[in-house]
$ cat final_16.txt   # compact mmCIF, C-alpha atoms
# COMPACT_ATOMS: atom_id res chain seq x y z
CA MET H 1 86.10 91.60 157.55
CA LYS H 2 87.05 92.48 161.12
CA ILE H 3 90.19 91.07 162.67
CA THR H 4 88.72 91.21 166.17
CA GLY H 5 86.76 88.03 166.73
CA SER H 6 88.07 86.30 163.63
CA VAL H 7 89.60 82.83 163.50
CA ALA H 8 92.68 83.01 161.29
CA LEU H 9 95.03 80.48 159.76
CA VAL H 10 98.49 81.54 158.55
CA THR H 11 100.62 79.31 156.33
CA GLY H 12 104.39 79.44 156.80
CA ALA H 13 104.05 81.02 160.24
CA ASN H 14 107.33 79.78 161.71
CA ARG H 15 109.35 82.80 160.57
CA GLY H 16 109.42 86.00 158.53
CA ILE H 17 106.23 87.64 157.36
CA GLY H 18 104.15 84.63 158.38
CA ARG H 19 105.22 84.92 162.00
CA HIS H 20 104.48 88.66 161.92
CA PHE H 21 101.00 87.90 160.58
CA ALA H 22 100.24 85.43 163.36
CA GLN H 23 101.62 87.76 166.02
CA GLN H 24 99.73 90.84 164.83
CA LEU H 25 96.49 88.90 164.41
CA LEU H 26 96.69 87.87 168.05
CA HIS H 27 97.48 91.43 169.14
CA ARG H 28 94.55 92.77 167.12
CA GLY H 29 92.01 90.55 168.81
CA ALA H 30 91.65 87.43 166.68
CA THR H 31 89.85 84.82 168.76
CA LYS H 32 92.17 82.09 167.52
CA VAL H 33 95.20 81.98 165.25
CA TYR H 34 96.37 78.74 163.69
CA ALA H 35 100.10 79.15 163.06
CA THR H 36 101.11 76.47 160.57
CA ALA H 37 104.41 75.14 159.28
CA ARG H 38 105.87 72.00 157.75
CA THR H 39 107.83 71.56 160.99
CA PRO H 40 105.52 72.61 163.86
CA ARG H 41 108.26 72.61 166.51
CA LEU H 42 109.77 75.66 164.76
CA VAL H 43 106.70 77.75 165.59
CA ASP H 44 107.40 79.67 168.78
CA LEU H 45 104.48 82.03 169.28
CA PRO H 46 102.63 82.17 172.61
CA GLY H 47 98.88 82.12 172.20
CA ALA H 48 98.82 80.52 168.76
CA GLU H 49 97.40 77.10 167.88
CA VAL H 50 100.19 75.26 166.10
CA LEU H 51 99.35 72.94 163.20
CA ARG H 52 101.48 70.96 160.78
CA LEU H 53 100.84 72.01 157.19
CA ASP H 54 102.84 71.28 154.06
CA ILE H 55 100.97 73.16 151.34
CA THR H 56 102.46 70.92 148.62
CA ASP H 57 101.02 67.76 150.24
CA PRO H 58 97.26 67.34 149.61
CA ALA H 59 96.89 64.96 152.57
CA SER H 60 98.52 67.49 154.90
CA VAL H 61 96.30 70.26 153.57
CA ALA H 62 93.16 68.17 154.00
CA ALA H 63 94.15 67.29 157.57
CA ALA H 64 94.69 70.96 158.42
CA ALA H 65 91.32 71.93 156.95
CA GLY H 66 89.68 69.23 159.06
CA ALA H 67 91.43 70.36 162.22
CA ALA H 68 90.75 74.07 161.64
CA SER H 69 87.09 73.93 160.65
CA ASP H 70 86.32 77.24 162.37
CA VAL H 71 88.56 79.42 160.18
CA THR H 72 87.13 82.71 158.88
CA LEU H 73 90.37 84.31 157.63
CA LEU H 74 92.98 82.49 155.55
CA ILE H 75 96.44 84.00 155.07
CA ASN H 76 98.33 82.24 152.26
CA ASN H 77 101.89 83.23 153.04
CA ALA H 78 104.00 80.07 152.62
CA GLY H 79 106.35 80.08 149.65
CA VAL H 80 109.85 79.40 148.38
CA PHE H 81 112.50 81.43 146.57
CA THR H 82 115.16 79.36 144.77
CA GLN H 83 116.92 82.12 142.77
CA GLN H 84 116.64 80.27 139.45
CA ASN H 85 116.44 81.54 135.90
CA LEU H 86 114.13 79.79 133.44
CA VAL H 87 116.44 78.91 130.55
CA THR H 88 119.52 77.82 132.49
CA GLY H 89 118.15 77.11 135.97
CA ASP H 90 117.70 73.76 137.71
CA PRO H 91 114.41 72.31 136.37
CA GLU H 92 113.59 70.68 139.71
CA LYS H 93 113.96 73.99 141.56
CA ILE H 94 111.89 75.77 138.93
CA ARG H 95 109.16 73.17 139.39
CA LEU H 96 109.41 73.57 143.18
CA GLU H 97 108.69 77.29 142.80
CA MET H 98 105.50 76.61 140.85
CA ASP H 99 104.46 73.63 142.99
CA THR H 100 104.76 75.74 146.14
CA ASN H 101 103.92 79.32 145.23
CA TYR H 102 101.11 78.49 142.80
CA PHE H 103 99.82 74.93 143.22
CA GLY H 104 100.46 74.93 146.98
CA THR H 105 98.43 78.08 147.42
CA LEU H 106 95.68 76.60 145.24
CA ASN H 107 95.68 73.41 147.35
CA VAL H 108 95.00 75.45 150.47
CA VAL H 109 92.33 77.60 148.82
CA ARG H 110 90.45 74.56 147.53
CA ALA H 111 90.55 72.83 150.93
CA PHE H 112 89.44 75.87 152.92
CA THR H 113 86.78 77.19 150.53
CA PRO H 114 84.03 75.01 152.09
CA VAL H 115 85.29 75.88 155.57
CA LEU H 116 84.98 79.60 154.86
CA ALA H 117 81.56 79.10 153.26
CA ALA H 118 80.29 77.23 156.31
CA ASN H 119 81.51 80.06 158.55
CA GLY H 120 79.80 82.86 156.66
CA GLY H 121 82.23 83.55 153.81
CA GLY H 122 85.19 85.18 155.52
CA ALA H 123 88.28 86.32 153.67
CA ILE H 124 91.46 85.14 151.97
CA LEU H 125 94.71 87.08 151.70
CA ASN H 126 97.35 85.84 149.24
CA VAL H 127 100.89 87.12 149.78
CA LEU H 128 102.15 87.97 146.30
CA SER H 129 105.12 90.09 145.23
CA ALA H 130 106.34 93.04 143.21
CA MET H 131 107.83 90.27 141.07
CA SER H 132 104.34 89.17 140.10
CA TRP H 133 104.72 92.09 137.68
CA LEU H 134 108.48 92.18 137.05
CA ALA H 135 110.92 89.62 135.69
CA TYR H 136 114.36 89.77 137.33
CA ASP H 137 117.47 88.11 135.94
CA GLY H 138 118.56 85.58 138.53
CA ALA H 139 115.08 84.95 139.92
CA ASN H 140 112.79 84.47 136.95
CA ALA H 141 111.34 81.21 138.25
CA TYR H 142 110.00 83.14 141.25
CA SER H 143 108.59 85.86 138.99
CA ALA H 144 106.76 83.29 136.88
CA ALA H 145 105.30 81.52 139.92
CA LYS H 146 104.19 84.75 141.57
CA ALA H 147 102.67 85.99 138.31
CA ALA H 148 100.66 82.76 138.25
CA ALA H 149 99.65 83.32 141.87
CA TRP H 150 98.44 86.83 140.97
CA SER H 151 96.22 85.36 138.25
CA LEU H 152 95.04 82.72 140.72
CA THR H 153 94.09 85.49 143.15
CA ASN H 154 92.04 87.31 140.53
CA GLY H 155 90.40 84.08 139.44
CA ILE H 156 89.31 82.85 142.86
CA ARG H 157 88.04 86.33 143.68
CA LEU H 158 85.43 85.84 140.95
CA GLU H 159 84.73 82.22 141.81
CA LEU H 160 84.23 82.83 145.54
CA ALA H 161 82.22 86.06 145.34
CA GLY H 162 79.00 84.06 145.34
CA GLN H 163 79.73 82.57 148.76
CA GLY H 164 80.69 85.94 150.22
CA THR H 165 84.44 85.28 150.53
CA ALA H 166 86.53 88.42 150.05
CA VAL H 167 89.87 87.82 148.30
CA THR H 168 92.80 90.20 148.67
CA GLY H 169 96.21 90.22 147.02
CA LEU H 170 99.19 91.67 148.91
CA HIS H 171 102.08 92.90 146.77
CA LEU H 172 105.39 93.79 148.38
CA ALA H 173 108.92 94.48 147.20
CA SER H 174 112.08 93.33 149.02
CA THR H 175 111.32 92.82 152.69
CA ASP H 176 113.67 92.11 155.59
CA THR H 177 113.14 88.37 156.07
CA ASP H 178 115.32 85.25 155.91
CA MET H 179 114.28 84.82 152.27
CA MET H 180 116.02 88.09 151.36
CA ALA H 181 118.97 87.79 153.74
CA GLY H 182 121.56 87.53 150.97
CA TRP H 183 120.32 90.51 148.96
CA ASP H 184 121.98 93.89 149.54
CA VAL H 185 118.98 96.06 148.65
CA GLU H 186 116.63 98.41 150.43
CA LYS H 187 114.06 96.36 152.33
CA ASN H 188 110.66 96.90 153.92
CA ASP H 189 110.09 96.29 157.61
CA PRO H 190 107.92 93.13 157.66
CA ALA H 191 105.90 94.49 160.59
CA ASP H 192 104.88 97.49 158.46
CA VAL H 193 103.90 95.23 155.55
CA VAL H 194 101.70 93.07 157.76
CA ARG H 195 100.11 96.10 159.40
CA ALA H 196 99.19 97.49 155.98
CA ALA H 197 97.84 94.10 154.91
CA LEU H 198 95.58 93.68 157.94
CA ASP H 199 94.37 97.27 157.64
CA GLY H 200 93.58 96.56 153.98
CA ILE H 201 91.60 93.43 154.82
CA GLU H 202 89.50 95.37 157.30
CA ALA H 203 88.97 98.12 154.73
CA GLY H 204 87.74 95.59 152.17
CA LYS H 205 90.55 96.20 149.68
CA MET H 206 90.97 93.76 146.80
CA GLU H 207 94.63 94.67 146.36
CA ILE H 208 97.21 96.09 148.75
CA LEU H 209 100.44 97.69 147.50
CA ALA H 210 102.75 97.65 150.50
CA ASP H 211 105.41 100.06 149.23
CA ASN H 212 106.17 102.68 146.62
CA ASN H 213 108.05 100.20 144.42
CA CYS H 214 104.83 98.23 143.99
CA VAL H 215 102.85 101.39 143.29
CA GLN H 216 105.28 102.36 140.53
CA LEU H 217 105.41 98.86 139.03
CA LYS H 218 101.64 98.54 138.90
CA ALA H 219 101.42 101.90 137.13
CA ALA H 220 104.10 100.86 134.63
CA LEU H 221 102.23 97.75 133.46
CA SER H 222 100.38 99.80 130.84
CA ALA H 223 103.65 101.04 129.32
CA ASP H 224 105.66 99.40 126.56
CA PRO H 225 107.85 96.55 127.89
CA SER H 226 110.93 98.56 126.93
CA VAL H 227 110.19 100.82 129.91
CA LEU H 228 110.57 97.97 132.40
CA TYR H 229 113.23 96.07 130.46
CA PRO H 230 115.53 98.60 128.77
CA GLN H 231 118.40 96.10 128.95
CA ALA H 232 116.47 93.81 126.57
CA VAL H 233 115.91 96.43 123.84
CA PRO H 234 117.78 95.30 120.68
CA ALA H 235 120.70 97.45 119.66
CA ALA H 236 120.02 99.73 116.72
$ encode --input "final_16.txt" --output "structure tokens"
Amino acid sequence: MKITGSVALVTGANRGIGRHFAQQLLHRGATKVYATARTPRLVDLPGAEVLRLDITDPASVAAAAGAASDVTLLINNAGVFTQQNLVTGDPEKIRLEMDTNYFGTLNVVRAFTPVLAANGGGAILNVLSAMSWLAYDGANAYSAAKAAAWSLTNGIRLELAGQGTAVTGLHLASTDTDMMAGWDVEKNDPADVVRAALDGIEAGKMEILADNNCVQLKAALSADPSVLYPQAVPAA
């Protein structure tokens, strides 16, 4: 998949990583970039084609797929982070996490699968998270939804191989966006994350680990859970 000459659509392109994706795609020679958001007026990116898209609304998704029938590269970036735990958190916010980060992404994939097939197969990038692999007290609803999105990514990779659609998962730890504004932790530069993601797409990678935290977490998945969750080990 070459960025130059591609026609890309980015969900959640009004800010953060999504805006960086749209901007870098234009700079790297994409023929057209659809920058989508629930509120189109918030997209301020010269050169982009702005579309309304609410990934949780099937009618909105269908309308976007009809309007962007030339897409060859789909970037599923839109998501929410409500900072909810599972046992004590707000059930409506927990459901919002899953409806957006999992079902919303699936809505877009299902709508654009025939578009990509008609245009030669193309590629899909799903923006995942280090928390696809790690539960975190205070944000376990997000971890659960992103874990589901990781499984979704692996599943559609198998289902779409026959039509020649490459599917890539992007994992990243804390990154300097509005979503992480209230967290006093070390953060990635979003421009670096997007650069690595686009390089990975062009290299045909199935999975991109954007930082060392993700590299270490992926390696630790084969270990006993006590390695990742020492605080949960029962007292002797």
$ residues_around --input "final_16.txt" --residues "Val33 (chain H)" --least-positions-apart "5" --cutoff "10 Å" --atoms "all atoms listed in the file" --output "count of residues only"
19
$ residues_around --input "final_16.txt" --residues "Gly5 (chain H)" --least-positions-apart "2" --cutoff "8 Å" --atoms "all atoms listed in the file" --output "list in words"
Lys2, Ile3, Val7, Gly29, Ala30 and Thr31 of chain H
$ closest_residue --input "final_16.txt" --among "H:Gly120, H:Pro234, H:Gly18, H:Gly138" --to "Val193 (chain H)" --atoms "all atoms listed in the file"
H:Gly18
$ closest_residue --input "final_16.txt" --among "H:Gly12, H:Pro114, H:Gly122, H:Gly104" --to "Ala78 (chain H)" --atoms "all atoms listed in the file"
H:Gly12
$ axis_aligned_box --input "final_16.txt" --around "region 7-14 of chain H" --padding-each-side "6 Å" --output "AutoDock Vina command-line options"
--center_x 98.5 --center_y 81.2 --center_z 159.9 --size_x 29.7 --size_y 15.7 --size_z 19.2
$ closest_residue --input "final_16.txt" --among "H:Pro46, H:Gly66, H:Pro58, H:Gly16" --to "Asp99 (chain H)" --atoms "only C-alpha atoms"
H:Pro58
$ closest_residue --input "final_16.txt" --among "H:Ala130, H:Ala232, H:Ala64, H:Ala135" --to "Asp211 (chain H)" --atoms "only C-alpha atoms"
H:Ala130
$ closest_residue --input "final_16.txt" --among "H:Ala173, H:Ala139, H:Met98, H:Leu228" --to "Lys187 (chain H)" --atoms "all atoms listed in the file"
H:Ala173
$ closest_residue --input "final_16.txt" --among "H:Thr175, H:Gln231, H:Asn107, H:Thr153" --to "Ala65 (chain H)" --atoms "all atoms listed in the file"
H:Asn107
$ atom_distance --input "final_16.txt" --atom1 "CA of Ala219 (chain H)" --atom2 "CA of His171 (chain H)"
13.2 Å
$ residues_around --input "final_16.txt" --residues "Thr168 (chain H)" --least-positions-apart "6" --cutoff "9 Å" --atoms "only C-alpha atoms" --output "PyMOL selection string"
chain H and resi 123-127+153-154+157+197+200-201+204-208
$ write_last_selection --input "final_16.txt" --atoms "C-alpha atoms" --output "compact mmCIF listing (two decimals), keeping the file's coordinate frame"
# COMPACT_ATOMS: atom_id res chain seq x y z
CA ALA H 123 88.28 86.32 153.67
CA ILE H 124 91.46 85.14 151.97
CA LEU H 125 94.71 87.08 151.70
CA ASN H 126 97.35 85.84 149.24
CA VAL H 127 100.89 87.12 149.78
CA THR H 153 94.09 85.49 143.15
CA ASN H 154 92.04 87.31 140.53
CA ARG H 157 88.04 86.33 143.68
CA ALA H 197 97.84 94.10 154.91
CA GLY H 200 93.58 96.56 153.98
CA ILE H 201 91.60 93.43 154.82
CA GLY H 204 87.74 95.59 152.17
CA LYS H 205 90.55 96.20 149.68
CA MET H 206 90.97 93.76 146.80
CA GLU H 207 94.63 94.67 146.36
CA ILE H 208 97.21 96.09 148.75
$ residues_around --input "final_16.txt" --residues "Arg15 (chain H)" --least-positions-apart "6" --cutoff "12 Å" --atoms "all atoms listed in the file" --output "PyMOL selection string"
chain H and resi 21-23+35-45+77-79+176-179+190
$ atom_distance --input "final_16.txt" --atom1 "CA of Ala145 (chain H)" --atom2 "CA of Val215 (chain H)"
20.3 Å
$ atom_distance --input "final_16.txt" --atom1 "CA of Asn212 (chain H)" --atom2 "CA of Ala149 (chain H)"
21.0 Å
$ build_atoms --input "final_16.txt" --residues "region 198-214 of chain H" --atoms "N, CA, C and O atoms" --output "PDB file, in the frame of the given file"
ATOM      1  N   LEU H 198      96.740  93.881 157.073  1.00  0.00           N
ATOM      2  CA  LEU H 198      95.580  93.680 157.940  1.00  0.00           C
ATOM      3  C   LEU H 198      94.638  94.885 157.898  1.00  0.00           C
ATOM      4  O   LEU H 198      93.414  94.723 157.922  1.00  0.00           O
ATOM      5  N   ASP H 199      95.212  96.078 157.810  1.00  0.00           N
ATOM      6  CA  ASP H 199      94.370  97.270 157.640  1.00  0.00           C
ATOM      7  C   ASP H 199      93.578  97.167 156.332  1.00  0.00           C
ATOM      8  O   ASP H 199      92.389  97.521 156.279  1.00  0.00           O
ATOM      9  N   GLY H 200      94.238  96.686 155.272  1.00  0.00           N
ATOM     10  CA  GLY H 200      93.580  96.560 153.980  1.00  0.00           C
ATOM     11  C   GLY H 200      92.460  95.545 153.998  1.00  0.00           C
ATOM     12  O   GLY H 200      91.410  95.750 153.374  1.00  0.00           O
ATOM     13  N   ILE H 201      92.668  94.427 154.689  1.00  0.00           N
ATOM     14  CA  ILE H 201      91.600  93.430 154.820  1.00  0.00           C
ATOM     15  C   ILE H 201      90.387  94.049 155.490  1.00  0.00           C
ATOM     16  O   ILE H 201      89.250  93.892 155.031  1.00  0.00           O
ATOM     17  N   GLU H 202      90.622  94.757 156.581  1.00  0.00           N
ATOM     18  CA  GLU H 202      89.500  95.370 157.300  1.00  0.00           C
ATOM     19  C   GLU H 202      88.806  96.445 156.479  1.00  0.00           C
ATOM     20  O   GLU H 202      87.604  96.678 156.639  1.00  0.00           O
ATOM     21  N   ALA H 203      89.553  97.088 155.583  1.00  0.00           N
ATOM     22  CA  ALA H 203      88.970  98.120 154.730  1.00  0.00           C
ATOM     23  C   ALA H 203      88.292  97.540 153.486  1.00  0.00           C
ATOM     24  O   ALA H 203      87.710  98.286 152.690  1.00  0.00           O
ATOM     25  N   GLY H 204      88.375  96.227 153.304  1.00  0.00           N
ATOM     26  CA  GLY H 204      87.740  95.590 152.170  1.00  0.00           C
ATOM     27  C   GLY H 204      88.469  95.768 150.855  1.00  0.00           C
ATOM     28  O   GLY H 204      87.869  95.666 149.781  1.00  0.00           O
ATOM     29  N   LYS H 205      89.780  96.007 150.905  1.00  0.00           N
ATOM     30  CA  LYS H 205      90.550  96.200 149.680  1.00  0.00           C
ATOM     31  C   LYS H 205      90.759  94.879 148.944  1.00  0.00           C
ATOM     32  O   LYS H 205      91.027  93.853 149.559  1.00  0.00           O
ATOM     33  N   MET H 206      90.663  94.934 147.616  1.00  0.00           N
ATOM     34  CA  MET H 206      90.970  93.760 146.800  1.00  0.00           C
ATOM     35  C   MET H 206      92.466  93.596 146.593  1.00  0.00           C
ATOM     36  O   MET H 206      92.952  92.480 146.384  1.00  0.00           O
ATOM     37  N   GLU H 207      93.192  94.704 146.618  1.00  0.00           N
ATOM     38  CA  GLU H 207      94.630  94.670 146.360  1.00  0.00           C
ATOM     39  C   GLU H 207      95.320  95.674 147.265  1.00  0.00           C
ATOM     40  O   GLU H 207      94.854  96.798 147.427  1.00  0.00           O
ATOM     41  N   ILE H 208      96.432  95.240 147.843  1.00  0.00           N
ATOM     42  CA  ILE H 208      97.210  96.090 148.750  1.00  0.00           C
ATOM     43  C   ILE H 208      98.626  96.197 148.191  1.00  0.00           C
ATOM     44  O   ILE H 208      99.288  95.175 147.955  1.00  0.00           O
ATOM     45  N   LEU H 209      99.078  97.429 147.967  1.00  0.00           N
ATOM     46  CA  LEU H 209     100.440  97.690 147.500  1.00  0.00           C
ATOM     47  C   LEU H 209     101.217  98.209 148.702  1.00  0.00           C
ATOM     48  O   LEU H 209     100.992  99.330 149.175  1.00  0.00           O
ATOM     49  N   ALA H 210     102.133  97.390 149.201  1.00  0.00           N
ATOM     50  CA  ALA H 210     102.750  97.650 150.500  1.00  0.00           C
ATOM     51  C   ALA H 210     103.838  98.705 150.483  1.00  0.00           C
ATOM     52  O   ALA H 210     104.277  99.156 151.540  1.00  0.00           O
ATOM     53  N   ASP H 211     104.309  99.112 149.295  1.00  0.00           N
ATOM     54  CA  ASP H 211     105.410 100.060 149.230  1.00  0.00           C
ATOM     55  C   ASP H 211     105.376 100.805 147.904  1.00  0.00           C
ATOM     56  O   ASP H 211     104.634 100.432 146.983  1.00  0.00           O
ATOM     57  N   ASN H 212     106.181 101.836 147.809  1.00  0.00           N
ATOM     58  CA  ASN H 212     106.170 102.680 146.620  1.00  0.00           C
ATOM     59  C   ASN H 212     106.672 101.935 145.378  1.00  0.00           C
ATOM     60  O   ASN H 212     106.238 102.222 144.252  1.00  0.00           O
ATOM     61  N   ASN H 213     107.594 100.994 145.557  1.00  0.00           N
ATOM     62  CA  ASN H 213     108.050 100.200 144.420  1.00  0.00           C
ATOM     63  C   ASN H 213     106.886  99.481 143.744  1.00  0.00           C
ATOM     64  O   ASN H 213     106.792  99.427 142.508  1.00  0.00           O
ATOM     65  N   CYS H 214     105.992  98.929 144.544  1.00  0.00           N
ATOM     66  CA  CYS H 214     104.830  98.230 143.990  1.00  0.00           C
ATOM     67  C   CYS H 214     103.872  99.203 143.315  1.00  0.00           C
ATOM     68  O   CYS H 214     103.298  98.885 142.268  1.00  0.00           O
TER      69      CYS H 214
END
